[in-house]
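Participant: Here it is, the structure, as structure tokens.
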4 protein chains.
Amino acid sequence: MTSKDNVGTMIDALSPNAMPLFSKLVDFIKNECRPAEDEFEEKLEGFKIIPEILLTLQRRAKELGIWNLFMTHVHHITVHDYGLMSEQMGTSFLAAYATNCAAPDTGNMEVLHDFGTPAQKQRYLNPLMEGSMRSAFLMTEPDVASSDARNVCTEFKKETRNGVEGYVISGRKWWSTGAEDPRCGVFIVMGRVVDKGEMSKYHTMLVVPAQSLGITLVRSLTVFGYDDAPFGHAEISLEDVWVSQEDALLSSEGCGFKIAQSRLGPGRIHHCMRAIGLARRCFEIMVERMLTRKVFGKEMARHGMSQEKIADCKSDLDCARAIVLLCADKIDRIGAKAARGDISMIKYAVPDFVLRIVDKAMQVHGGMGMCEDTMLPRAYSYVRTLRIADGPDEVHKMVVAREECKAALKRMGVEVGAATRSKL
Amino acid sequence: MTSKDNVGTMIDALSPNAMPLFSKLVDFIKNECRPAEDEFEEKLEGFKIIPEILLTLQRRAKELGIWNLFMTHVHHITVHDYGLMSEQMGTSFLAAYATNCAAPDTGNMEVLHDFGTPAQKQRYLNPLMEGSMRSAFLMTEPDVASSDARNVCTEFKKETRNGVEGYVISGRKWWSTGAEDPRCGVFIVMGRVVDKGEMSKYHTMLVVPAQSLGITLVRSLTVFGYDDAPFGHAEISLEDVWVSQEDALLSSEGCGFKIAQSRLGPGRIHHCMRAIGLARRCFEIMVERMLTRKVFGKEMARHGMSQEKIADCKSDLDCARAIVLLCADKIDRIGAKAARGDISMIKYAVPDFVLRIVDKAMQVHGGMGMCEDTMLPRAYSYVRTLRIADGPDEVHKMVVAREECKAALKRMGVEVGAATRSKL
Amino acid sequence: MTSKDNVGTMIDALSPNAMPLFSKLVDFIKNECRPAEDEFEEKLEGFKIIPEILLTLQRRAKELGIWNLFMTHVHHITVHDYGLMSEQMGTSFLAAYATNCAAPDTGNMEVLHDFGTPAQKQRYLNPLMEGSMRSAFLMTEPDVASSDARNVCTEFKKETRNGVEGYVISGRKWWSTGAEDPRCGVFIVMGRVVDKGEMSKYHTMLVVPAQSLGITLVRSLTVFGYDDAPFGHAEISLEDVWVSQEDALLSSEGCGFKIAQSRLGPGRIHHCMRAIGLARRCFEIMVERMLTRKVFGKEMARHGMSQEKIADCKSDLDCARAIVLLCADKIDRIGAKAARGDISMIKYAVPDFVLRIVDKAMQVHGGMGMCEDTMLPRAYSYVRTLRIADGPDEVHKMVVAREECKAALKRMGVEVGAATRSKL
Amino acid sequence: MTSKDNVGTMIDALSPNAMPLFSKLVDFIKNECRPAEDEFEEKLEGFKIIPEILLTLQRRAKELGIWNLFMTHVHHITVHDYGLMSEQMGTSFLAAYATNCAAPDTGNMEVLHDFGTPAQKQRYLNPLMEGSMRSAFLMTEPDVASSDARNVCTEFKKETRNGVEGYVISGRKWWSTGAEDPRCGVFIVMGRVVDKGEMSKYHTMLVVPAQSLGITLVRSLTVFGYDDAPFGHAEISLEDVWVSQEDALLSSEGCGFKIAQSRLGPGRIHHCMRAIGLARRCFEIMVERMLTRKVFGKEMARHGMSQEKIADCKSDLDCARAIVLLCADKIDRIGAKAARGDISMIKYAVPDFVLRIVDKAMQVHGGMGMCEDTMLPRAYSYVRTLRIADGPDEVHKMVVAREECKAALKRMGVEVGAATRSKL
């Protein structure tokens, strides 16, 4: 991709602070990350090690100052700026890791930054910011419908041990991305406090060392057959894991949802823009293949059915990109909370566009598009999970419908009381 | 619609000159155009008259200075500004007529402004700008596939009469929108010069008085049963219509395509944004209906299938809107010619989004959505024609595919010679 | 269409009794109905008269014995046989009228046959069977969501006049197809009995002479822009219309729903198969156009985008056809009630397939496909109403979901009590 | 699935010979194959061994006489009968292997049966029929666009060694399914004879022992992230592999395409029906999940968006099933060659329907639907390859378009010469 393609419209305009960072990032991805992909793959040994090449890339990114870019306030850049950077990162699967901008660390660092105690920051945030530690976010549970997050029911039983107040954690979590990374040092865990036998209806978050007694990594989950080593998606059992309140409690009891929400807004911009960067790469290799492969006497690109595919991909890509960058801009102007309707909208709309593109690219590549010779099936499987992770499409559609109904009621001059709203 | 909804993102930002015009336009449409719609419909008598209420609206718009806004250079506004205005106009079918911004006059005025002789401007452009005359554009022919415009074959036979050089026009045109308006005074006609029995391979445009001898209005075409009176879509026969070269020739012989192209760029922004404004109105009445109609014990809005419809409409609308306004912005920055790929893209992508919205709104309205009690079926039929008019989807998809292939070849480092390009 | 195309599979096999009728029908439509279409259109004068050519066709059909074929038990043919005949009828808009097989008369005749008193049969059924009278079905009301038919609220107030027990009807109905036909003699009206000021929660049907005092034809509804003269869709006001119970009551009070249901099963087969016949005709003219129209140097049929359209239409058509004929076969074997899940399924699935086909055919015809030069836009508008009439898609999807859930519960070994079922 | 669901329509009717086989097969799959799935998975050790449980199932199937059912003429059953059996097999991934009905052996056995010499039958067909040997079909090549099979270019260079006429095979093949099965004993290889330095334009097929000198298994291809052990999809290098003409030549030189075609007709019925059986299983677990999982206060099955999914799956499933079984019936009546248009149609239409169903089932299962806890992602990846294997959708759409154009030309009365046909 050349940034040239999209120069010319307002959504491509970076703020002054972002420009030099963006240039360095583009060069770094093009000249260092993408060429390193094959070596990284070859050196993989399951979850045992992190191939050295990634650590090298991390050192380079740090030197270049393109490190922790997701901390937009540190770099004095906007969410929109970082959206454009995320798109670039999406074009190489190593880029987000290399620049310490990969999920779930980004969200976890934000949470620790905003809600952590000085001790928690010292112990976890600093090494995470350095890239020497990684983290996981333990939210979803196999036994409940986590699409309605209120169902989460891991127990934090209040219990004083050796005179220290604390919690005994019991529960089972899964889809804990990054938990298997050998560098993973900390888990942020969602659950509900149980006090005197009664479970609170509000959720709480605890920060728990990954190696605590009672934590067992049950298995590595696969996604369409991929184990996504060396980072992985773990199923984790927590049995009788005791932590002290002082060490572990994030913010205060019952604040779990508030904290969870705070992770989500900008995070969805990042996810969507990376998916769009990935889609762009798939689109590009699709067109390139069409130009170099002959069938029935002429290049694929000259067949009508191919042309229709190109045209459809182009509009899908541009639509996806436009609504996400505009949503980022909205967050910059009015904040993530006020923009929540738009954030939910991109959450369901973008993966759909991106999957259509990746699917067409697979089709055009024939047998090669099904196997490890391209990144296409892995891209498909990754983006497919985005329709489920962080709330399935259906939930976000409900949110958008509710927002639109509220706007309509207002337009119609109907007073919207809490009762009416809650029923929508 | 309140403009409030979209305040907050960059594509909604008007340039300073546009702001007061936009405000006046919004008020005018809301307070004068929409309330006048019913009266206009009731007073219609086929193609015989223009209901007085429209003429009143025109006088008002002129007074307010929101007149000929499409002439962006006159008002020192951008194509993007005018895009936002077109969206507003799309919310009332009277608005474009009331502000002298309706097709095909807009394109015809641009053509006369850019290519007309002083005499042509005097005779036609001035009354068109005043709104006292209307015009038609005679391009498409029933007997050839006009999707490939090179097929157009109306003859302009060179013939000197009474010592004056001129052309004898013979041909048949259709889909000449506005030709039946009682005020229609001039036709711009596309054809090919025949000199000494040989037809030129290049096209030429002539300006022809609507009442010239030899011109017959064969019939009014209907669109899904609508005759679109009092403006209409005419099939027109031209037999032995003589015009002098001096009076009629636009620019010079063989320049027809160049002129036709010049009409299209901004024109497509207008069409798309009006369609989007229309879609917004349909979306709004859909949600309002859902909030006020009960089925199976609760408001439609509280049924899951309705919520999914709302969410899908919302993302469709936002996508359509974003890509068109960004395309307008691109035209402002690099010109319509360089943005032709984007212009083709919105041409096929937007009607598809809009039709999906209108179709859902019809479904939600049940029997009422099929008949004259809402503007929905008329909206559907109007937008459906946009997939054909000014080049069908298929042609624009070919254009986009070609542009993307060229970009890919460049990226791949392949020299793109004329031969290769022409084969794509 | 030649029946040849589909010979070879089991769904095309007619029962022995049906074969000679089918052959005669095919020839009649091909040689008499389709050639008569233009004359019928030309002779139309709104709702004033029925063009003579239709009456001639009716006489011919009666002579040929292809009359009232929908009365399958009379002809000793199956619902499946009649499905294949309906498909043929769909290929000419005159065929169903010519053979006295047009809605709503077919359903009304079935109702009168099954539930009418001897006097009702004498007065209404006989002339309807003869084709000398037509009828309308007054069900839907403008002021309620008729998709939930329980909302229908026309009042039948019990009132004895001149010592005769009867009902005073008050209400407003719309979408009463055929009510404007000059031959229309009878209405079947759905409503609820009001006795001593209390409205029954069960519905009742009355047979009412079309010319009764108090009945006013308020207006002709259009579908898109078509008024469908000379048959039409009427909005009808019923004010203080008194009928005697003996003359008017169908079956008994409170049986309205039972009667309404009985109309629907086979009727949906008819509607779907006629739509499929229509789709086949659209598909055929699409391919023929592609073979005779050149764009960009070759026949449209040789362009890849056209080929994809043909292939998609073909599979859409075959799918639609297969599920309807199999549903008809199921009705023959286990009855309409047991097949209600399948009947609901074809009700939403078929119009969707057919609309896709008609839409592609319109696109391929360009401007010609939008206007009266083909039957395409009229076909589109007609089929579009099928997604709403007799229950919108959404309601039928709920029915199918409920049936599938019941089957799953049974498979899972869960006892399905009435309570559980009612909540699905 | 209970066969009960579909009893009642003609496409479910088995011929008398098929009935007892079908019953036994249904019971065998339900009571023996499905319960064995978990053990099979647990005992897998890559490509090293075939878990004993499969061999046990094979013995059982042989005892029961439900063995080699694809050899329809042996069992005196129809292609349609076997279609219904294939649907059942699709509901357990072990069933086709257990009954010796798995691809590519089925096609290979047919080829050997129809074209093999007595010696070839003795050496290969017999053990394949016994289930003691497996086979692979080496067609597709990584370096050419195999969607146009004429591009296949493996060389069979004529060379006499030790006085015996033979061929030296050189080429590279991939997507050779089953080649890694430890029991694989024979490859059928497509290529072109090279005689005196000149490559024939016609293709030839050779039967080659899997362990021949010069054959190297380069790698196991993955599909998405699955290696499909213990059967696998291999990339295979053939270098200087000499075989004698007498041993290896199938039929005669230049007959490769004719033989390849013969494999395809019924084979596509098998593939499609197995995919449909698989879709049915996915659909069933989707509905069951919806009935047992609560979100936002009620079972998923009671949410409107879920109901719409169920309804859409149901019609997709029924459409897919109907067109394939009717196509099978057509093959039974007029032969695979005459039914080739229908065979191509099901080839592109069915995977599309099935993928929609599997995708919805994944979505409903949330995180569980992405990982190994259900067969859903594996089902998706398997069915996705069907859009590419044996000719991609695009090629089959071209075939159908050509057939429809020919039918249209005939209908239009145009003589279709070879020249015209070839250009379609």
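In the structure tokens, chains take letters A, B, ... by order of appearance, with residues numbered from 1 within each chain and ligands from 1 in the order shown.
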Write down as an MDAnalysis selection string the residues of range 289-362 of chain B whose backbone DSSP state falls under strand (DSSP E).

Facilitator: chainID B and resid 294:295 298:299

Participant: Using only C-alpha atoms and a distance of at most 8 Å, pull out the residues of chain A that contact chain B, as a PyMOL selection string.

Facilitator: chain A and resi 1+8-11+284+287-288+291+301-302+304+307-308+310-312+314-315+318-320+322-323+326-327+329-330+333-334+345-346+349+394+397-398+400-402+404-405+408-409+411-412+423-424

Participant: How many Å separate CA of Pro182 in chain B from CA of Val223 in chain B?

Facilitator: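 Separation between CA of Pro182 in chain B and CA of Val223 in chain B: 19.8 Å.
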
Participant: Need the shell around range 17-30 of chain B: protein/DNA/RNA residues with any atom at most 12 Å away, counting only C-alpha atoms. Skip same-chain ones fewer than 6 positions apart. Format as JSON, numbers by chain?

Facilitator: {"B": [1, 2, 3, 36, 37, 57, 58, 59, 60, 61, 62, 63, 64, 65, 66, 67, 68, 69, 70, 72, 73, 74, 75, 76, 77, 78, 79, 80, 81, 82, 83, 84, 85, 86, 87, 88, 89, 90, 91, 92, 93, 94, 95, 96, 97, 98, 99, 277, 281]}

Participant: Considering only C-alpha atoms, return as a ChimeraX atom specification whatever protein or nucleic-acid residues lie within 6 Å of range 256-263 of chain B, sequence-local ones (same chain, fewer than 5 positions apart) excluded.

Facilitator: /B:107,203-205

Participant: Which residues are near Gly171 in chain B? Cut-off 8 Å, only C-alpha atoms, ignore same chain within fewer than 3 positions. Put them as JSON, numbers by chain.

Facilitator: {"B": [153, 154, 155, 237, 238, 239]}

Participant: As a ChimeraX atom specification, list the residues of range 124-363 of chain C assigned to alpha helix (DSSP H) by DSSP on the backbone atoms of this structure.

Facilitator: /C:126-130,245-248,256-292,304-338,340-363

Participant: What separation in Å, quoted to one decimal, exists between CA of Phe296 in chain C and CA of Asp148 in chain B?

Facilitator: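 These two atoms are separated by 6.4 Å.
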
Participant: Which polymer residues have any atom within 9 Å of an atom of Arg219 in chain B, counting only C-alpha atoms, with same-chain residues fewer than 3 positions away left out, as an MDAnalysis selection string?

Facilitator: chainID B and resid 216 233:236

Participant: Just the selected residues (N, CA, C and O atoms), exported as a PDB file, in the first residue's frame, please.

Facilitator:
ATOM      1  N   THR B 216     -40.579  15.808 -32.258  1.00  0.00           N
ATOM      2  CA  THR B 216     -41.867  15.297 -31.781  1.00  0.00           C
ATOM      3  C   THR B 216     -41.673  14.575 -30.462  1.00  0.00           C
ATOM      4  O   THR B 216     -40.787  13.731 -30.335  1.00  0.00           O
ATOM      5  N   HIS B 233     -40.237  11.945 -18.310  1.00  0.00           N
ATOM      6  CA  HIS B 233     -39.127  11.364 -19.066  1.00  0.00           C
ATOM      7  C   HIS B 233     -39.670  11.089 -20.453  1.00  0.00           C
ATOM      8  O   HIS B 233     -40.564  10.264 -20.613  1.00  0.00           O
ATOM      9  N   ALA B 234     -39.137  11.761 -21.446  1.00  0.00           N
ATOM     10  CA  ALA B 234     -39.752  11.706 -22.769  1.00  0.00           C
ATOM     11  C   ALA B 234     -38.985  10.828 -23.736  1.00  0.00           C
ATOM     12  O   ALA B 234     -37.770  10.693 -23.648  1.00  0.00           O
ATOM     13  N   GLU B 235     -39.742  10.254 -24.650  1.00  0.00           N
ATOM     14  CA  GLU B 235     -39.117   9.701 -25.845  1.00  0.00           C
ATOM     15  C   GLU B 235     -39.376  10.711 -26.954  1.00  0.00           C
ATOM     16  O   GLU B 235     -40.497  11.205 -27.122  1.00  0.00           O
ATOM     17  N   ILE B 236     -38.326  11.048 -27.672  1.00  0.00           N
ATOM     18  CA  ILE B 236     -38.381  12.173 -28.603  1.00  0.00           C
ATOM     19  C   ILE B 236     -37.857  11.752 -29.958  1.00  0.00           C
ATOM     20  O   ILE B 236     -36.808  11.114 -30.061  1.00  0.00           O
TER      21      ILE B 236
END
